[in-house]
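Below is target26.txt, holding compact mmCIF, C-alpha atoms (C1' of nucleotides).
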```txt
# COMPACT_ATOMS: atom_id res chain seq x y z
CA MET A 1 -24.66 -12.23 -36.97
CA ASN A 2 -23.46 -12.12 -40.50
CA LEU A 3 -20.42 -12.95 -42.59
CA ARG A 4 -20.12 -9.30 -43.57
CA ASP A 5 -20.10 -8.17 -39.94
CA LEU A 6 -17.27 -10.59 -39.23
CA GLN A 7 -15.30 -9.16 -42.13
CA TYR A 8 -15.78 -5.71 -40.65
CA VAL A 9 -14.47 -6.95 -37.31
CA VAL A 10 -11.39 -8.49 -38.89
CA ALA A 11 -10.75 -5.35 -40.93
CA VAL A 12 -10.85 -3.16 -37.83
CA ALA A 13 -8.62 -5.59 -35.94
CA ASP A 14 -6.11 -5.54 -38.79
CA LEU A 15 -6.18 -1.84 -39.62
CA GLY A 16 -6.66 -0.46 -36.12
CA GLN A 17 -9.18 2.13 -37.20
CA PHE A 18 -12.88 2.13 -38.05
CA GLY A 19 -12.51 4.60 -40.89
CA ARG A 20 -9.74 2.71 -42.67
CA ALA A 21 -11.52 -0.58 -42.16
CA ALA A 22 -14.63 0.98 -43.70
CA SER A 23 -12.85 2.05 -46.86
CA ALA A 24 -11.09 -1.32 -47.07
CA CYS A 25 -14.54 -2.93 -46.98
CA ASN A 26 -15.95 -0.40 -49.47
CA VAL A 27 -18.56 0.93 -47.05
CA SER A 28 -18.95 4.21 -45.22
CA GLN A 29 -17.59 4.68 -41.71
CA PRO A 30 -21.03 5.02 -40.08
CA THR A 31 -22.22 1.83 -41.74
CA LEU A 32 -19.28 -0.18 -40.45
CA SER A 33 -19.48 1.51 -37.07
CA GLY A 34 -23.15 0.75 -36.72
CA GLN A 35 -22.81 -2.89 -37.70
CA ILE A 36 -19.97 -3.47 -35.28
CA LEU A 37 -21.84 -1.76 -32.49
CA LYS A 38 -24.85 -3.94 -33.21
CA LEU A 39 -22.72 -7.07 -33.26
CA GLU A 40 -21.13 -6.17 -29.94
CA GLU A 41 -24.62 -5.67 -28.53
CA GLU A 42 -25.79 -8.98 -29.97
CA LEU A 43 -22.82 -10.94 -28.61
CA GLY A 44 -22.78 -9.05 -25.34
CA VAL A 45 -19.05 -8.50 -25.74
CA GLN A 46 -17.16 -5.28 -26.33
CA ILE A 47 -14.74 -6.27 -29.06
CA PHE A 48 -12.95 -2.96 -29.52
CA GLU A 49 -11.75 -0.22 -27.23
CA ARG A 50 -12.15 3.22 -28.80
CA ASP A 51 -9.97 6.00 -27.49
CA GLY A 52 -10.48 8.56 -30.23
CA ARG A 53 -7.14 7.80 -31.84
CA VAL A 54 -6.97 4.06 -32.54
CA ALA A 55 -9.27 1.08 -32.07
CA ARG A 56 -7.67 -1.67 -30.00
CA VAL A 57 -9.01 -5.19 -29.68
CA THR A 58 -10.06 -5.86 -26.10
CA GLU A 59 -8.90 -8.93 -24.24
CA ARG A 60 -12.27 -10.63 -24.68
CA GLY A 61 -12.39 -9.36 -28.23
CA GLU A 62 -9.27 -11.34 -29.16
CA ALA A 63 -11.17 -14.61 -28.99
CA ILE A 64 -13.99 -13.20 -31.09
CA VAL A 65 -11.58 -11.91 -33.72
CA ALA A 66 -9.80 -15.25 -33.90
CA HIS A 67 -13.10 -17.06 -34.35
CA ALA A 68 -14.22 -14.51 -36.93
CA ARG A 69 -11.09 -15.24 -38.97
CA ARG A 70 -11.89 -18.94 -38.93
CA VAL A 71 -15.45 -18.37 -40.07
CA ILE A 72 -14.32 -16.15 -42.94
CA ARG A 73 -11.61 -18.59 -43.89
CA ALA A 74 -14.15 -21.42 -44.00
CA ALA A 75 -16.51 -19.30 -46.11
CA ASP A 76 -13.69 -18.46 -48.51
CA ASP A 77 -12.85 -22.13 -48.79
CA LEU A 78 -16.45 -22.79 -49.72
CA LYS A 79 -16.30 -20.19 -52.49
CA THR A 80 -13.02 -21.60 -53.74
CA ALA A 81 -14.42 -25.12 -53.78
CA ALA A 82 -17.46 -23.90 -55.68
CA ALA A 83 -15.32 -22.10 -58.24
CA ALA A 84 -13.12 -25.17 -58.64
CA SER A 85 -16.02 -27.53 -59.20
CA ARG A 86 -17.55 -25.19 -61.75
CA ASP A 87 -16.95 -26.08 -65.38
CA PRO A 88 -15.48 -22.89 -66.84
CA LEU A 89 -17.04 -23.59 -70.22
CA GLU A 90 -20.50 -24.29 -68.83
CA GLY A 91 -22.99 -21.62 -67.89
CA PRO A 92 -23.11 -17.98 -68.86
CA ILE A 93 -19.91 -15.95 -69.05
CA ARG A 94 -20.52 -12.73 -67.12
CA LEU A 95 -18.60 -10.05 -68.96
CA GLY A 96 -18.33 -6.51 -67.61
CA ILE A 97 -17.79 -3.73 -70.12
CA ILE A 98 -17.56 0.05 -69.96
CA ALA A 99 -20.27 2.01 -71.73
CA THR A 100 -17.71 3.70 -74.00
CA VAL A 101 -16.93 0.57 -75.94
CA GLY A 102 -19.98 -1.57 -75.19
CA PRO A 103 -22.13 -0.42 -78.15
CA TYR A 104 -19.25 -0.92 -80.57
CA LEU A 105 -18.14 -4.36 -79.44
CA ALA A 106 -21.48 -5.96 -78.63
CA PRO A 107 -22.71 -6.33 -82.26
CA TYR A 108 -19.58 -8.31 -83.13
CA LEU A 109 -19.06 -10.11 -79.84
CA LEU A 110 -22.49 -11.52 -79.10
CA PRO A 111 -23.27 -13.26 -82.41
CA ALA A 112 -19.74 -14.67 -82.59
CA ALA A 113 -20.05 -15.99 -79.04
CA ALA A 114 -23.49 -17.46 -79.72
CA ARG A 115 -21.97 -19.46 -82.57
CA GLY A 116 -18.71 -20.43 -80.92
CA LEU A 117 -19.87 -21.09 -77.36
CA PRO A 118 -23.48 -22.28 -77.47
CA ARG A 119 -23.33 -23.66 -73.92
CA ALA A 120 -21.80 -20.47 -72.48
CA PRO A 121 -23.86 -17.46 -73.53
CA ILE A 122 -22.27 -14.11 -72.79
CA ARG A 123 -24.06 -11.87 -70.33
CA LEU A 124 -22.95 -8.24 -70.66
CA VAL A 125 -22.85 -5.90 -67.67
CA GLU A 126 -22.28 -2.28 -68.66
CA ASP A 127 -20.89 -0.03 -65.93
CA LEU A 128 -18.04 2.24 -64.89
CA THR A 129 -14.57 0.77 -64.38
CA GLY A 130 -14.82 1.70 -60.71
CA HIS A 131 -17.94 -0.40 -60.33
CA LEU A 132 -16.73 -3.30 -62.42
CA LEU A 133 -13.57 -3.86 -60.40
CA PRO A 134 -15.29 -4.88 -57.15
CA LEU A 135 -17.69 -7.10 -59.10
CA LEU A 136 -14.70 -8.82 -60.63
CA ALA A 137 -13.07 -9.17 -57.23
CA ASP A 138 -16.23 -10.72 -55.79
CA GLY A 139 -16.48 -13.26 -58.57
CA LYS A 140 -19.72 -11.67 -59.79
CA LEU A 141 -18.04 -11.20 -63.16
CA ASP A 142 -15.85 -13.65 -65.03
CA ALA A 143 -14.07 -10.96 -67.00
CA ALA A 144 -14.29 -7.27 -67.80
CA ILE A 145 -13.23 -4.88 -70.52
CA MET A 146 -12.22 -1.62 -68.86
CA ARG A 147 -9.86 1.29 -68.91
CA PRO A 148 -6.59 1.08 -66.98
CA ILE A 149 -6.96 3.00 -63.73
CA ARG A 150 -4.40 5.60 -62.60
CA ALA A 151 -2.23 4.90 -65.62
CA SER A 152 -0.89 7.31 -68.20
CA GLY A 153 -1.81 5.39 -71.33
CA SER A 154 -5.28 4.79 -72.72
CA ARG A 155 -5.02 1.21 -73.98
CA LYS A 156 -7.85 -1.08 -73.00
CA SER A 157 -6.99 -3.73 -70.47
CA ARG A 158 -8.73 -7.06 -70.37
CA SER A 159 -8.74 -8.63 -66.98
CA THR A 160 -9.94 -12.16 -66.56
CA SER A 161 -10.26 -14.70 -63.80
CA ARG A 162 -11.64 -17.47 -65.96
CA SER A 163 -9.75 -19.72 -68.32
CA ALA A 164 -12.10 -19.63 -71.27
CA MET B 1 -23.60 -15.61 -49.48
CA ASN B 2 -24.89 -15.68 -46.00
CA LEU B 3 -24.76 -17.76 -42.85
CA ARG B 4 -28.50 -18.24 -43.02
CA ASP B 5 -28.32 -19.54 -46.59
CA LEU B 6 -25.75 -22.10 -45.51
CA GLN B 7 -28.04 -23.24 -42.73
CA TYR B 8 -30.79 -23.73 -45.30
CA VAL B 9 -28.43 -25.83 -47.41
CA VAL B 10 -27.46 -28.03 -44.49
CA ALA B 11 -31.10 -28.43 -43.47
CA VAL B 12 -32.09 -29.60 -46.95
CA ALA B 13 -29.09 -31.94 -47.10
CA ASP B 14 -30.07 -33.43 -43.74
CA LEU B 15 -33.83 -33.64 -44.22
CA GLY B 16 -33.93 -34.45 -47.93
CA GLN B 17 -36.78 -32.09 -48.65
CA PHE B 18 -37.15 -28.35 -49.13
CA GLY B 19 -40.46 -28.15 -47.29
CA ARG B 20 -39.25 -29.97 -44.19
CA ALA B 21 -36.03 -28.00 -44.18
CA ALA B 22 -38.09 -24.80 -44.36
CA SER B 23 -40.15 -25.66 -41.30
CA ALA B 24 -37.03 -26.78 -39.45
CA CYS B 25 -35.57 -23.34 -40.17
CA ASN B 26 -38.83 -21.60 -39.25
CA VAL B 27 -39.29 -20.05 -42.68
CA SER B 28 -41.72 -20.67 -45.51
CA GLN B 29 -40.93 -23.11 -48.31
CA PRO B 30 -40.74 -20.41 -51.02
CA THR B 31 -38.34 -18.37 -48.90
CA LEU B 32 -35.96 -21.25 -48.43
CA SER B 33 -36.37 -22.35 -52.03
CA GLY B 34 -35.60 -18.89 -53.32
CA GLN B 35 -32.53 -18.42 -51.17
CA ILE B 36 -31.08 -21.78 -52.17
CA LEU B 37 -31.77 -21.09 -55.83
CA LYS B 38 -30.04 -17.75 -55.50
CA LEU B 39 -27.07 -19.31 -53.75
CA GLU B 40 -26.74 -21.98 -56.44
CA GLU B 41 -26.80 -19.19 -59.03
CA GLU B 42 -24.22 -17.19 -57.10
CA LEU B 43 -21.86 -20.13 -56.68
CA GLY B 44 -22.49 -21.45 -60.15
CA VAL B 45 -23.05 -24.91 -58.72
CA GLN B 46 -26.22 -26.93 -58.57
CA ILE B 47 -26.20 -28.24 -55.03
CA PHE B 48 -29.43 -30.24 -55.07
CA GLU B 49 -31.15 -32.44 -57.58
CA ARG B 50 -34.94 -32.06 -57.45
CA ASP B 51 -37.03 -34.90 -58.72
CA GLY B 52 -40.40 -33.93 -57.37
CA ARG B 53 -40.19 -36.44 -54.56
CA VAL B 54 -36.93 -35.87 -52.66
CA ALA B 55 -34.02 -33.45 -52.88
CA ARG B 56 -30.68 -35.23 -53.27
CA VAL B 57 -27.31 -33.60 -52.89
CA THR B 58 -25.45 -33.63 -56.21
CA GLU B 59 -21.90 -34.87 -56.47
CA ARG B 60 -20.55 -31.32 -56.67
CA GLY B 61 -22.97 -30.28 -53.97
CA GLU B 62 -21.38 -32.67 -51.45
CA ALA B 63 -18.29 -30.48 -51.21
CA ILE B 64 -20.41 -27.37 -50.77
CA VAL B 65 -22.47 -28.98 -48.02
CA ALA B 66 -19.35 -30.15 -46.20
CA HIS B 67 -17.88 -26.64 -46.34
CA ALA B 68 -21.19 -25.15 -45.24
CA ARG B 69 -21.14 -27.35 -42.15
CA ARG B 70 -17.67 -26.10 -41.28
CA VAL B 71 -18.69 -22.47 -41.67
CA ILE B 72 -21.73 -22.94 -39.46
CA ARG B 73 -19.70 -24.84 -36.91
CA ALA B 74 -17.15 -22.02 -36.79
CA ALA B 75 -19.90 -19.44 -36.40
CA ASP B 76 -21.45 -21.45 -33.57
CA ASP B 77 -18.07 -21.64 -31.88
CA LEU B 78 -17.85 -17.87 -32.09
CA LYS B 79 -21.23 -17.49 -30.39
CA THR B 80 -20.26 -19.97 -27.72
CA ALA B 81 -17.01 -18.15 -27.07
CA ALA B 82 -18.88 -14.86 -26.81
CA ALA B 83 -21.38 -16.31 -24.36
CA ALA B 84 -18.57 -17.81 -22.30
CA SER B 85 -16.65 -14.56 -22.04
CA ARG B 86 -19.76 -12.65 -21.04
CA ASP B 87 -20.17 -11.85 -17.38
CA PRO B 88 -23.57 -13.32 -16.50
CA LEU B 89 -24.21 -10.71 -13.80
CA GLU B 90 -23.36 -7.74 -15.97
CA GLY B 91 -25.77 -6.15 -18.43
CA PRO B 92 -29.53 -6.45 -18.70
CA ILE B 93 -31.23 -9.75 -18.00
CA ARG B 94 -33.58 -10.41 -20.89
CA LEU B 95 -36.57 -12.18 -19.44
CA GLY B 96 -39.36 -13.55 -21.59
CA ILE B 97 -42.79 -13.89 -20.03
CA ILE B 98 -46.23 -14.93 -21.25
CA ALA B 99 -48.92 -12.26 -21.22
CA THR B 100 -51.08 -14.33 -18.84
CA VAL B 101 -48.78 -13.81 -15.88
CA GLY B 102 -46.79 -10.77 -16.98
CA PRO B 103 -49.11 -8.12 -15.49
CA TYR B 104 -49.24 -9.96 -12.17
CA LEU B 105 -45.55 -10.62 -11.73
CA ALA B 106 -44.08 -7.43 -13.13
CA PRO B 107 -45.12 -5.10 -10.27
CA TYR B 108 -43.33 -7.34 -7.76
CA LEU B 109 -40.45 -8.46 -9.96
CA LEU B 110 -39.16 -5.21 -11.38
CA PRO B 111 -38.80 -3.12 -8.21
CA ALA B 112 -37.23 -6.07 -6.39
CA ALA B 113 -34.76 -6.59 -9.21
CA ALA B 114 -33.95 -2.88 -9.37
CA ARG B 115 -32.97 -3.01 -5.71
CA GLY B 116 -31.21 -6.37 -5.74
CA LEU B 117 -29.39 -6.25 -9.08
CA PRO B 118 -28.61 -2.62 -9.91
CA ARG B 119 -26.05 -3.58 -12.56
CA ALA B 120 -28.36 -6.06 -14.26
CA PRO B 121 -31.73 -4.43 -14.98
CA ILE B 122 -34.47 -6.79 -16.08
CA ARG B 123 -35.82 -6.32 -19.58
CA LEU B 124 -39.22 -7.97 -20.00
CA VAL B 125 -40.34 -9.46 -23.32
CA GLU B 126 -44.00 -10.43 -23.34
CA ASP B 127 -45.02 -13.00 -25.95
CA LEU B 128 -46.51 -16.43 -26.59
CA THR B 129 -44.64 -19.51 -25.38
CA GLY B 130 -44.22 -20.57 -29.00
CA HIS B 131 -42.40 -17.34 -29.77
CA LEU B 132 -40.35 -17.25 -26.60
CA LEU B 133 -38.84 -20.70 -27.12
CA PRO B 134 -36.89 -19.85 -30.29
CA LEU B 135 -35.72 -16.57 -28.73
CA LEU B 136 -34.40 -18.57 -25.80
CA ALA B 137 -32.73 -21.03 -28.16
CA ASP B 138 -31.05 -18.21 -30.07
CA GLY B 139 -29.72 -16.65 -26.91
CA LYS B 140 -31.89 -13.57 -27.44
CA LEU B 141 -33.39 -14.24 -24.00
CA ASP B 142 -31.58 -15.22 -20.83
CA ALA B 143 -34.62 -16.84 -19.29
CA ALA B 144 -38.36 -17.13 -19.79
CA ILE B 145 -41.47 -17.80 -17.73
CA MET B 146 -43.81 -19.91 -19.83
CA ARG B 147 -46.30 -22.72 -19.87
CA PRO B 148 -45.14 -26.29 -20.36
CA ILE B 149 -45.78 -27.34 -23.97
CA ARG B 150 -47.44 -30.68 -24.86
CA ALA B 151 -47.66 -31.62 -21.22
CA SER B 152 -50.70 -32.67 -19.21
CA GLY B 153 -50.21 -30.47 -16.18
CA SER B 154 -50.51 -26.70 -15.98
CA ARG B 155 -47.62 -25.79 -13.70
CA LYS B 156 -45.43 -22.95 -14.85
CA SER B 157 -41.97 -23.93 -16.01
CA ARG B 158 -38.98 -21.67 -15.68
CA SER B 159 -36.31 -22.35 -18.22
CA THR B 160 -32.99 -20.64 -17.94
CA SER B 161 -29.69 -20.62 -19.74
CA ARG B 162 -28.01 -18.14 -17.45
CA SER B 163 -26.61 -18.77 -14.03
CA ALA B 164 -27.96 -15.71 -12.29
C1' DT C 1 -53.31 -36.98 -59.35
C1' DA C 2 -51.03 -35.79 -55.46
C1' DA C 3 -46.79 -34.50 -53.48
C1' DA C 4 -43.13 -31.02 -53.66
C1' DA C 5 -40.60 -27.04 -55.70
C1' DA C 6 -40.76 -22.89 -58.44
C1' DT C 7 -42.86 -18.45 -59.65
C1' DA C 8 -45.17 -14.04 -58.89
C1' DC C 9 -46.20 -10.59 -56.46
C1' DT C 10 -46.19 -7.63 -51.95
C1' DC C 11 -44.18 -6.05 -47.68
C1' DC C 12 -40.96 -4.85 -44.34
C1' DA C 13 -36.58 -5.12 -41.82
C1' DT C 14 -32.25 -3.57 -42.04
C1' DA C 15 -27.84 -2.60 -44.31
C1' DG C 16 -26.16 1.37 -46.32
C1' DG C 17 -25.55 6.35 -47.37
C1' DT C 18 -25.06 11.61 -46.16
C1' DA C 19 -24.87 15.11 -42.81
C1' DT C 20 -23.82 16.20 -38.31
C1' DT C 21 -22.48 15.89 -33.54
C1' DT C 22 -19.74 14.07 -29.91
C1' DT C 23 -15.44 12.60 -27.93
C1' DA C 24 -10.80 12.28 -26.76
C1' DT C 25 -6.08 13.64 -27.49
C1' DA D 1 -7.93 21.97 -32.47
C1' DT D 2 -8.26 17.97 -34.85
C1' DA D 3 -9.08 13.44 -36.14
C1' DA D 4 -11.97 9.67 -35.40
C1' DA D 5 -16.31 7.37 -33.92
C1' DA D 6 -21.13 7.84 -32.79
C1' DT D 7 -25.72 9.59 -33.78
C1' DA D 8 -29.71 10.99 -36.61
C1' DC D 9 -32.18 10.43 -40.39
C1' DC D 10 -33.38 8.75 -44.94
C1' DT D 11 -33.18 5.37 -48.82
C1' DA D 12 -33.19 1.03 -50.98
C1' DT D 13 -31.83 -3.71 -51.35
C1' DG D 14 -33.30 -8.11 -50.48
C1' DG D 15 -35.19 -11.52 -47.28
C1' DA D 16 -39.66 -13.17 -46.04
C1' DG D 17 -44.61 -13.98 -46.54
C1' DT D 18 -49.13 -15.57 -49.14
C1' DA D 19 -51.18 -17.23 -53.19
C1' DT D 20 -50.55 -19.73 -57.19
C1' DT D 21 -48.56 -22.44 -60.85
C1' DT D 22 -45.52 -25.91 -62.55
C1' DT D 23 -43.39 -30.30 -62.35
C1' DT D 24 -42.76 -35.25 -61.85
C1' DA D 25 -43.20 -39.75 -59.89
```
structure tokens encoding of this file:
Amino acid sequence: MNLRDLQYVVAVADLGQFGRAASACNVSQPTLSGQILKLEEELGVQIFERDGRVARVTERGEAIVAHARRVIRAADDLKTAAAASRDPLEGPIRLGIIATVGPYLAPYLLPAAARGLPRAPIRLVEDLTGHLLPLLADGKLDAAIMRPIRASGSRKSRSTSRSA
Amino acid sequence: MNLRDLQYVVAVADLGQFGRAASACNVSQPTLSGQILKLEEELGVQIFERDGRVARVTERGEAIVAHARRVIRAADDLKTAAAASRDPLEGPIRLGIIATVGPYLAPYLLPAAARGLPRAPIRLVEDLTGHLLPLLADGKLDAAIMRPIRASGSRKSRSTSRSA
DNA sequence: TAAAAATACTCCATAGGTATTTTAT
DNA sequence: ATAAAATACCTATGGAGTATTTTTA
């Protein structure tokens, strides 16, 4: 059993479909399907009823889903507590940046940061906007410099989750 | 983050030492050490203070440990609920057996079970007593035929967690 | 100097992906 | 006939092991 598996279960319960749950979890349908099948095998409980159109939670599955929500909630609380206890000006600042602007900004940014924030060195992560967004969501990045997605303009947007 | 990592954290908090925690979790010391280090990195919080003699939980770590206990508790509750909702006479009976007696019992056991319990075929797992015990504890086995450990006699002991 | 933890690798289990088939409406 | 889940197969991340070094009372 695994926190990720439980998230898959909750996603299917909420969205009523393996495929939608998979994209909500950013994994492929067979991956999610396989993990849920394995979990059902491991627990010895059929959690979902598949009828080719929608996935319904079985009667026994209801209890599992409810417990899964509690586990995930508790794990989220742990992450929140960790983030809260973390000194935002201590430790490296993990900054995502798209390759287009990385080489231009880095020569200015890094030396300035080294002088201004000696206890919080900047760690650059260069990648596509589409890859940076989930990292930001997962707390793997503190901030990112990216392009706006699905917008008409071309102005850079700076998204941050850290009060630095 | 991972349920197993949280168990490592709780084990260290309880036992005050990485090495002891590792053997309690049935993993090597470097494995447990590495996972805890990685978790501390991921959360951005130093959970333990190492001083070469004992591992103490840091002030910030206390909150993490408390949350970790809740997560594990919730996960255990899920497993318990799953086991409770499972029909004990449905699905394969996973029976551990030591190699010493396996070949002698199997020819009698399996055909008899096939006749008597058609909806619950017996799945034999042959291994050492020392390996069967944790499987039994994890619920991977329903029952096991083993030798008594650390006992003077030599009578076979049948341990079961399933009312079959 | 004698413990305990960290590091350095190697290995393998398994989560994940793509392509395809099966199933049920 | 069509949409969704399961299966088959391959890849790769990362969890785990052994051997070794580093650290600190």
Do you know which residues are at most 10 Å from region 8-21 of chain C counting all atoms listed in the file, after dropping those on the same chain fewer than 6 positions away, and could you put them as a compact mmCIF listing (two decimals) with C-alpha atoms (C1' of nucleotides), in the frame of the given file?
```
# COMPACT_ATOMS: atom_id res chain seq x y z
CA VAL A 27 -18.56 0.93 -47.05
CA SER A 28 -18.95 4.21 -45.22
CA GLN A 29 -17.59 4.68 -41.71
CA PRO A 30 -21.03 5.02 -40.08
CA THR A 31 -22.22 1.83 -41.74
CA LEU A 32 -19.28 -0.18 -40.45
CA GLY A 34 -23.15 0.75 -36.72
CA GLN A 35 -22.81 -2.89 -37.70
C1' DA D 6 -21.13 7.84 -32.79
C1' DT D 7 -25.72 9.59 -33.78
C1' DA D 8 -29.71 10.99 -36.61
C1' DC D 9 -32.18 10.43 -40.39
C1' DC D 10 -33.38 8.75 -44.94
C1' DT D 11 -33.18 5.37 -48.82
C1' DA D 12 -33.19 1.03 -50.98
C1' DT D 13 -31.83 -3.71 -51.35
C1' DG D 14 -33.30 -8.11 -50.48
C1' DG D 15 -35.19 -11.52 -47.28
C1' DA D 16 -39.66 -13.17 -46.04
C1' DG D 17 -44.61 -13.98 -46.54
C1' DT D 18 -49.13 -15.57 -49.14
C1' DA D 19 -51.18 -17.23 -53.19
C1' DT D 20 -50.55 -19.73 -57.19
C1' DT D 21 -48.56 -22.44 -60.85
```
Padded axis-aligned box of region 4-15 of chain D (4 Å per side), centre and edge lengths, Å, one decimal, as AutoDock Vina command-line options:
```
--center_x -23.6 --center_y -0.3 --center_z -42.1 --size_x 31.2 --size_y 30.5 --size_z 26.6
```
What is the distance between CA of Val125 (chain A) and CA of Tyr104 (chain A), in Å to one decimal?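 Between CA of Val125 (chain A) and CA of Tyr104 (chain A) the gap is 14.3 Å.
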Using all atoms listed in the file, find the residues of chain A whose closest atom to chain D is at most 12 Å away, then write them as a PyMOL selection string. chain A and resi 16-20+22+29-37+48-55
Find the residues in chain C near chain B: any atom within 9 Å counts, using only C-alpha atoms (C1' of nucleotides). Write them as an mmCIF file with C-alpha atoms (C1' of nucleotides), keeping the file's coordinate frame.
```cif
data_model
loop_
_atom_site.group_PDB
_atom_site.id
_atom_site.type_symbol
_atom_site.label_atom_id
_atom_site.label_comp_id
_atom_site.auth_asym_id
_atom_site.auth_seq_id
_atom_site.Cartn_x
_atom_site.Cartn_y
_atom_site.Cartn_z
ATOM 1 C "C1'" DA C 3 -46.790 -34.500 -53.480
ATOM 2 C "C1'" DA C 4 -43.130 -31.020 -53.660
ATOM 3 C "C1'" DA C 5 -40.600 -27.040 -55.700
ATOM 4 C "C1'" DA C 6 -40.760 -22.890 -58.440
#
```
Smallest atom-to-atom distance to chain B: which of A:Lys79, A:Leu109, A:Gln7, A:Ala24, using only C-alpha atoms? A:Lys79
Residue nearest chain B - candidates A:Leu105, A:Ala11, A:Ala114, A:Leu141, atoms counted: all atoms listed in the file: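 Nearest to chain B: A:Leu141.
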Residues of chain B were defined as contacting chain A if any atom lay at most 6 Å from it, counting all atoms listed in the file; please report them as a PyMOL selection string. chain B and resi 43+67+71+74-75+78+82
Report as a list of chain:residue names all protein, DNA and RNA residues lying within 7 Å of Arg123 (chain A), evaluated on only C-alpha atoms (C1' of nucleotides), omitting residues in the same chain fewer than 4 positions from it.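 Counting only C-alpha atoms (C1' of nucleotides), the residues come to A:Pro92, A:Ile93, A:Arg94, A:Leu95.
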